[in-house]
There are 2 protein chains.
Amino acid sequence: MKKSAALNVSRTLMFAFRAQAAAVTARLAKRGYPDFPFAFANVLWLVDPEGTRSTALAARGGVTKQAMSQQVKLMEQRGYLQQTPDATDTRAKLVQLTELGKAVRQASEVIREELNKEAARALGVGSLRKLQADLETIIAVYDPGAK
Amino acid sequence: MKKSAALNVSRTLMFAFRAQAAAVTARLAKRGYPDFPFAFANVLWLVDPEGTRSTALAARGGVTKQAMSQQVKLMEQRGYLQQTPDATDTRAKLVQLTELGKAVRQASEVIREELNKEAARALGVGSLRKLQADLETIIAVYDPGAK
DNA sequence: GATGATAGTCAACCGACCTGACTATACGAG
DNA sequence: CTCGTATAGTCAGGTCGGTTGACTATCATC
């Protein structure tokens with residue numbers, strides 16, 4: 001009757017997340033950006049071209065503004081981001097990608113596509129799309145209040 | 001043409017993982033085990049009835065033996081686990097669930113089933129199974145060397 | 001112009017992991 | 001039997017990514 005491996009989405013999800021994060025950092029390293037933590041890549045993906053307030057980044061990233069502001073500071077120190085005052089609000093700063101930041105982001109986009117492609121090769125494009133959609137459904141089910 | 005939301009399994013995976021972890025801890029709290037971190041639950045699931053060496057737990061959990069041994073120590077302090085010498089090897093200890101540990105594990109099993117059921121309701125059982133299988137495929141693709 | 005929301009910072013802390021160095025026991029040659 | 005190597009586990013110290021709480025400065029509104 002082979003019930004297939006016990007249904008444990010929890011564990012699988014965790015390992016999938018880890019594997020994926022590890023793959024991204026490994027490949028970034030291979031492309032000339034070693035010591036570029038996965039969390040940095042995450043932030044990179046949240047910044048939009050005109051620049052974004054760190055508060056907004058925090059919201060998008062699902063973390064506190066303090067956490068995000070710390071990451072931003074680190075990434076600024078390392079030259080991936082810069083902050084410029086927001087013309088429309090003296091309190092606010094716009095977080096923007098530096099040239100270096102844009103380069104890493106570019107690389108990370110390529111990597112993401114690579115990974116997508118490899119996943120699609122293993123699963124089929126349809127399945128991959130469905131995977132993402134189903135994950136989103138699950139997020140909604142598990143965490144009705146979240147972003 | 002609605003390309004549907006950009007294919008970004010990475011992000012989705014992360015949020016799914018977070019949502020799921022949050023759901024588990026929240027429900028454990030609701031069942032009378034507050035302050036029971038998700039990581040504890042993870043360890044709980046790894047221990048088998050006869051007891052398991054912490055090294056083996058580490059391997060199953062995908063972490064170093066030091067990390068696992070620290071978790072085990074914490075959980076022992078809180079009364080969820082106990083360690084007894086392994087008769088077959090003086091160096092080794094067998095990690096076992098205490099009564100309390102068994103109770104929490106029981107609760108966590110129930111919760112896991114709840115979550116599975118809710119996910120299955122939203123997706124259909126077939127999709128849920130496929131989701132898990134596809135995630136496993138992806139793990140294999142992204143992290144060829146891992147467990 | 002007082003009042004309350006919002007942008008961001010500072011400081012302290014924590015959880016979960018890591019590496020490196022170590023001790024004690026086990027075990028398979030020789 | 002003992003010697004070298006492998007294995008079980010600990011200790012110490014550090015890192016990374018996040019948290020909460022308290023605060024300042026600016027904005028927006030009534």
# chains A, B, ... in the order shown; residues from 1 in each chain; ligands from 1
>>> select_by_dssp(residues="chain A", states="strand (DSSP E or B)", output="PyMOL selection string")
chain A and resi 52-53+81-86+89-97
>>> interface_residues(of="chain C", to="chain B", cutoff="9 Å", atoms="only C-alpha atoms (C1' of nucleotides)", output="MDAnalysis selection string")
chainID C and resid 16:18 24:26
>>> interface_residues(of="chain A", to="chain B", cutoff="10 Å", atoms="only C-alpha atoms", output="PyMOL selection string")
chain A and resi 4-24+42+45+61-62+112-113+115-116+118-123+127-147
>>> residues_around(residues="DC23 in chain D", least_positions_apart="5", cutoff="12 Å", atoms="only C-alpha atoms (C1' of nucleotides)", output="VMD selection string")
chain C and resid 8 to 11
>>> write_last_selection(atoms="N, CA and C atoms (P, O5', C5', C4', C3', O3' and C1' of nucleotides)", output="compact mmCIF listing (two decimals), in the first residue's frame")
# COMPACT_ATOMS: atom_id res chain seq x y z
P DG C 8 12.38 55.74 6.56
O5' DG C 8 13.27 55.65 7.86
C5' DG C 8 14.09 56.80 8.17
C4' DG C 8 14.63 56.69 9.57
C3' DG C 8 15.47 55.45 9.85
O3' DG C 8 16.86 55.82 9.79
C1' DG C 8 14.11 56.12 11.71
P DT C 9 17.99 54.88 10.32
O5' DT C 9 18.07 55.18 11.89
C5' DT C 9 18.41 56.50 12.31
C4' DT C 9 18.68 56.48 13.81
C3' DT C 9 19.73 55.45 14.23
O3' DT C 9 20.73 56.11 14.98
C1' DT C 9 17.74 55.20 15.53
P DC C 10 22.04 55.34 15.42
O5' DC C 10 21.71 54.92 16.93
C5' DC C 10 21.10 55.87 17.79
C4' DC C 10 20.98 55.28 19.19
C3' DC C 10 22.04 54.23 19.53
O3' DC C 10 22.46 54.43 20.87
C1' DC C 10 19.87 53.29 19.76
P DA C 11 23.73 53.68 21.47
O5' DA C 11 23.01 52.56 22.35
C5' DA C 11 21.92 52.94 23.19
C4' DA C 11 21.41 51.71 23.93
C3' DA C 11 22.46 50.63 24.15
O3' DA C 11 22.28 50.12 25.45
C1' DA C 11 20.61 49.72 23.04
>>> closest_atom_pairs(of="chain D", to="chain A", cutoff="8 Å", atoms="only C-alpha atoms (C1' of nucleotides)", output="tab-separated table")
residue	atom	partner	partner_atom	distance
D:DG17	C1'	A:Ala67	CA	7.8
D:DG18	C1'	A:Ala67	CA	6.4
D:DA25	C1'	A:Arg91	CA	7.0
D:DT26	C1'	A:Arg91	CA	5.6
D:DC27	C1'	A:Asp89	CA	7.8
>>> write_last_selection(atoms="N, CA and C atoms (P, O5', C5', C4', C3', O3' and C1' of nucleotides)", output="CSV table (one decimal), in the first residue's frame")
chain,number,residue,atom,x,y,z
D,17,DG,P,22.7,37.3,8.0
D,17,DG,O5',21.3,37.3,8.8
D,17,DG,C5',20.5,36.1,8.9
D,17,DG,C4',19.4,36.3,9.8
D,17,DG,C3',18.6,37.5,9.5
D,17,DG,O3',17.2,37.2,9.6
D,17,DG,C1',19.3,37.5,11.8
D,18,DG,P,16.1,38.1,9.0
D,18,DG,O5',15.6,38.9,10.3
D,18,DG,C5',14.5,38.4,10.9
D,18,DG,C4',14.7,38.3,12.4
D,18,DG,C3',14.0,39.4,13.2
D,18,DG,O3',12.6,39.2,13.2
D,18,DG,C1',16.1,38.7,14.2
D,25,DA,P,15.7,65.5,18.5
D,25,DA,O5',15.0,65.4,17.0
D,25,DA,C5',15.6,64.6,16.0
D,25,DA,C4',14.7,64.5,14.9
D,25,DA,C3',14.0,65.8,14.5
D,25,DA,O3',14.0,66.0,13.1
D,25,DA,C1',12.4,64.2,14.8
D,26,DT,P,13.8,67.4,12.4
D,26,DT,O5',12.5,67.2,11.6
D,26,DT,C5',12.5,66.1,10.6
D,26,DT,C4',11.1,65.6,10.4
D,26,DT,C3',10.1,66.7,9.9
D,26,DT,O3',9.9,66.3,8.5
D,26,DT,C1',9.1,65.2,11.5
D,27,DC,P,9.1,67.2,7.5
D,27,DC,O5',7.6,66.6,7.7
D,27,DC,C5',7.4,65.2,7.4
D,27,DC,C4',6.0,64.8,7.8
D,27,DC,C3',4.9,65.7,7.2
D,27,DC,O3',4.1,64.9,6.4
D,27,DC,C1',4.6,65.2,9.5
>>> calpha_fit_and_write(fixed="chain B", moving="chain A", output="short mmCIF file (atom, residue, chain, number, x, y, z; two decimals) with C-alpha atoms, in the first residue's frame")
data_model
loop_
_atom_site.label_atom_id
_atom_site.label_comp_id
_atom_site.auth_asym_id
_atom_site.auth_seq_id
_atom_site.Cartn_x
_atom_site.Cartn_y
_atom_site.Cartn_z
CA MET A 1 -1.45 37.77 -20.87
CA LYS A 2 -1.21 37.89 -17.10
CA LYS A 3 2.03 36.09 -16.49
CA SER A 4 0.77 35.57 -12.94
CA ALA A 5 2.95 36.85 -10.19
CA ALA A 6 6.59 36.58 -11.12
CA LEU A 7 8.00 33.16 -10.48
CA ASN A 8 9.89 33.58 -7.23
CA VAL A 9 9.92 30.29 -5.48
CA SER A 10 12.66 31.53 -3.23
CA ARG A 11 10.61 34.16 -1.47
CA THR A 12 7.49 32.08 -1.40
CA LEU A 13 9.36 29.23 0.15
CA MET A 14 10.69 31.48 2.85
CA PHE A 15 7.33 32.88 3.74
CA ALA A 16 5.73 29.47 3.65
CA PHE A 17 8.33 28.19 6.03
CA ARG A 18 7.85 31.10 8.37
CA ALA A 19 4.08 30.89 8.27
CA GLN A 20 4.18 27.23 9.01
CA ALA A 21 6.63 27.58 11.90
CA ALA A 22 4.56 30.38 13.35
CA ALA A 23 1.39 28.32 13.02
CA VAL A 24 2.93 25.39 14.85
CA THR A 25 4.19 27.47 17.76
CA ALA A 26 0.94 29.41 17.99
CA ARG A 27 -1.10 26.26 18.17
CA LEU A 28 1.20 24.61 20.64
CA ALA A 29 0.76 27.66 22.82
CA LYS A 30 -2.98 27.38 22.47
CA ARG A 31 -2.80 23.78 23.62
CA GLY A 32 -0.96 24.63 26.78
CA TYR A 33 2.65 24.70 25.64
CA PRO A 34 3.59 28.33 25.30
CA ASP A 35 7.23 29.26 24.94
CA PHE A 36 7.80 26.08 23.06
CA PRO A 37 9.95 27.16 20.14
CA PHE A 38 9.53 25.63 16.74
CA ALA A 39 13.06 24.30 16.93
CA PHE A 40 12.07 22.20 19.92
CA ALA A 41 9.21 20.69 18.00
CA ASN A 42 11.63 19.87 15.25
CA VAL A 43 13.88 17.97 17.61
CA LEU A 44 10.90 16.20 19.13
CA TRP A 45 9.97 14.76 15.80
CA LEU A 46 13.43 13.30 15.31
CA VAL A 47 13.59 11.20 18.46
CA ASP A 48 12.47 7.64 18.01
CA PRO A 49 10.86 5.56 20.73
CA GLU A 50 13.90 3.58 21.80
CA GLY A 51 15.84 6.80 22.09
CA THR A 52 18.35 8.28 19.70
CA ARG A 53 21.90 9.50 20.00
CA SER A 54 22.25 13.21 19.73
CA THR A 55 24.72 12.78 16.90
CA ALA A 56 22.05 10.97 14.96
CA LEU A 57 19.56 13.68 15.79
CA ALA A 58 22.00 16.23 14.48
CA ALA A 59 22.35 14.35 11.22
CA ARG A 60 18.59 14.03 10.84
CA GLY A 61 18.09 17.66 11.67
CA GLY A 62 20.78 18.79 9.28
CA VAL A 63 22.77 20.66 11.90
CA THR A 64 26.06 20.21 13.70
CA LYS A 65 26.28 17.94 16.68
CA GLN A 66 27.12 20.92 18.85
CA ALA A 67 23.98 22.73 17.85
CA MET A 68 21.87 19.68 18.45
CA SER A 69 23.50 18.93 21.76
CA GLN A 70 22.75 22.44 22.90
CA GLN A 71 19.09 22.13 21.93
CA VAL A 72 18.94 18.80 23.68
CA LYS A 73 20.44 20.31 26.80
CA LEU A 74 17.88 23.10 26.80
CA MET A 75 15.03 20.71 26.25
CA GLU A 76 16.36 18.50 29.01
CA GLN A 77 16.44 21.44 31.38
CA ARG A 78 12.87 22.18 30.54
CA GLY A 79 11.89 18.60 31.13
CA TYR A 80 11.02 17.51 27.61
CA LEU A 81 13.91 15.13 27.13
CA GLN A 82 16.13 12.93 29.22
CA GLN A 83 19.40 11.27 28.46
CA THR A 84 20.40 7.81 29.54
CA PRO A 85 23.73 6.13 28.92
CA ASP A 86 23.80 3.89 25.88
CA ALA A 87 24.45 0.36 27.06
CA THR A 88 26.26 -0.54 23.89
CA ASP A 89 28.72 2.36 23.96
CA THR A 90 30.05 4.09 27.04
CA ARG A 91 30.65 7.30 25.15
CA ALA A 92 27.13 7.61 23.91
CA LYS A 93 23.90 8.74 25.47
CA LEU A 94 20.43 7.98 24.31
CA VAL A 95 18.12 10.93 24.07
CA GLN A 96 14.59 10.01 25.02
CA LEU A 97 11.30 11.77 25.45
CA THR A 98 10.06 12.30 28.98
CA GLU A 99 6.37 11.99 29.72
CA LEU A 100 6.09 15.71 29.23
CA GLY A 101 8.00 15.39 26.00
CA LYS A 102 5.67 12.67 24.80
CA ALA A 103 2.72 14.86 25.63
CA VAL A 104 4.05 17.78 23.63
CA ARG A 105 4.92 15.52 20.80
CA GLN A 106 1.44 14.12 20.82
CA ALA A 107 0.08 17.63 20.70
CA SER A 108 2.41 18.54 17.91
CA GLU A 109 1.36 15.50 15.93
CA VAL A 110 -2.24 16.54 16.29
CA ILE A 111 -1.33 20.00 15.14
CA ARG A 112 0.55 18.68 12.19
CA GLU A 113 -2.50 16.70 11.20
CA GLU A 114 -4.66 19.76 11.64
CA LEU A 115 -2.39 21.75 9.40
CA ASN A 116 -2.24 18.99 6.88
CA LYS A 117 -5.98 18.77 6.91
CA GLU A 118 -6.42 22.48 6.46
CA ALA A 119 -3.91 22.52 3.66
CA ALA A 120 -5.60 19.55 2.07
CA ARG A 121 -8.95 21.29 2.31
CA ALA A 122 -7.53 24.27 0.47
CA LEU A 123 -5.56 22.34 -2.11
CA GLY A 124 -6.94 18.86 -2.25
CA VAL A 125 -5.10 15.87 -0.88
CA GLY A 126 -3.54 15.06 -4.19
CA SER A 127 -2.07 18.49 -4.58
CA LEU A 128 -0.71 18.41 -1.07
CA ARG A 129 1.03 15.14 -1.69
CA LYS A 130 2.37 16.43 -4.93
CA LEU A 131 3.51 19.59 -3.20
CA GLN A 132 5.59 17.59 -0.80
CA ALA A 133 6.98 15.38 -3.51
CA ASP A 134 7.85 18.38 -5.67
CA LEU A 135 9.55 20.09 -2.77
CA GLU A 136 11.63 17.00 -2.26
CA THR A 137 12.57 17.03 -5.89
CA ILE A 138 13.58 20.64 -5.59
CA ILE A 139 15.68 19.90 -2.57
CA ALA A 140 17.47 17.25 -4.55
CA VAL A 141 17.99 19.62 -7.46
CA TYR A 142 19.24 22.52 -5.40
CA ASP A 143 21.33 20.64 -2.95
CA PRO A 144 22.54 17.48 -4.62
CA GLY A 145 24.84 16.59 -1.75
CA ALA A 146 22.47 16.95 1.18
CA LYS A 147 20.47 14.60 3.30
#
>>> select_by_dssp(residues="range 41-147 of chain B", states="alpha helix (DSSP H)", output="VMD selection string")
chain B and resid 41 to 46 54 to 61 65 to 77 99 to 123 125 to 142
>>> residues_around(residues="DA28 in chain D", least_positions_apart="5", cutoff="10 Å", atoms="only C-alpha atoms (C1' of nucleotides)", output="PyMOL selection string")
chain C and resi 4-6
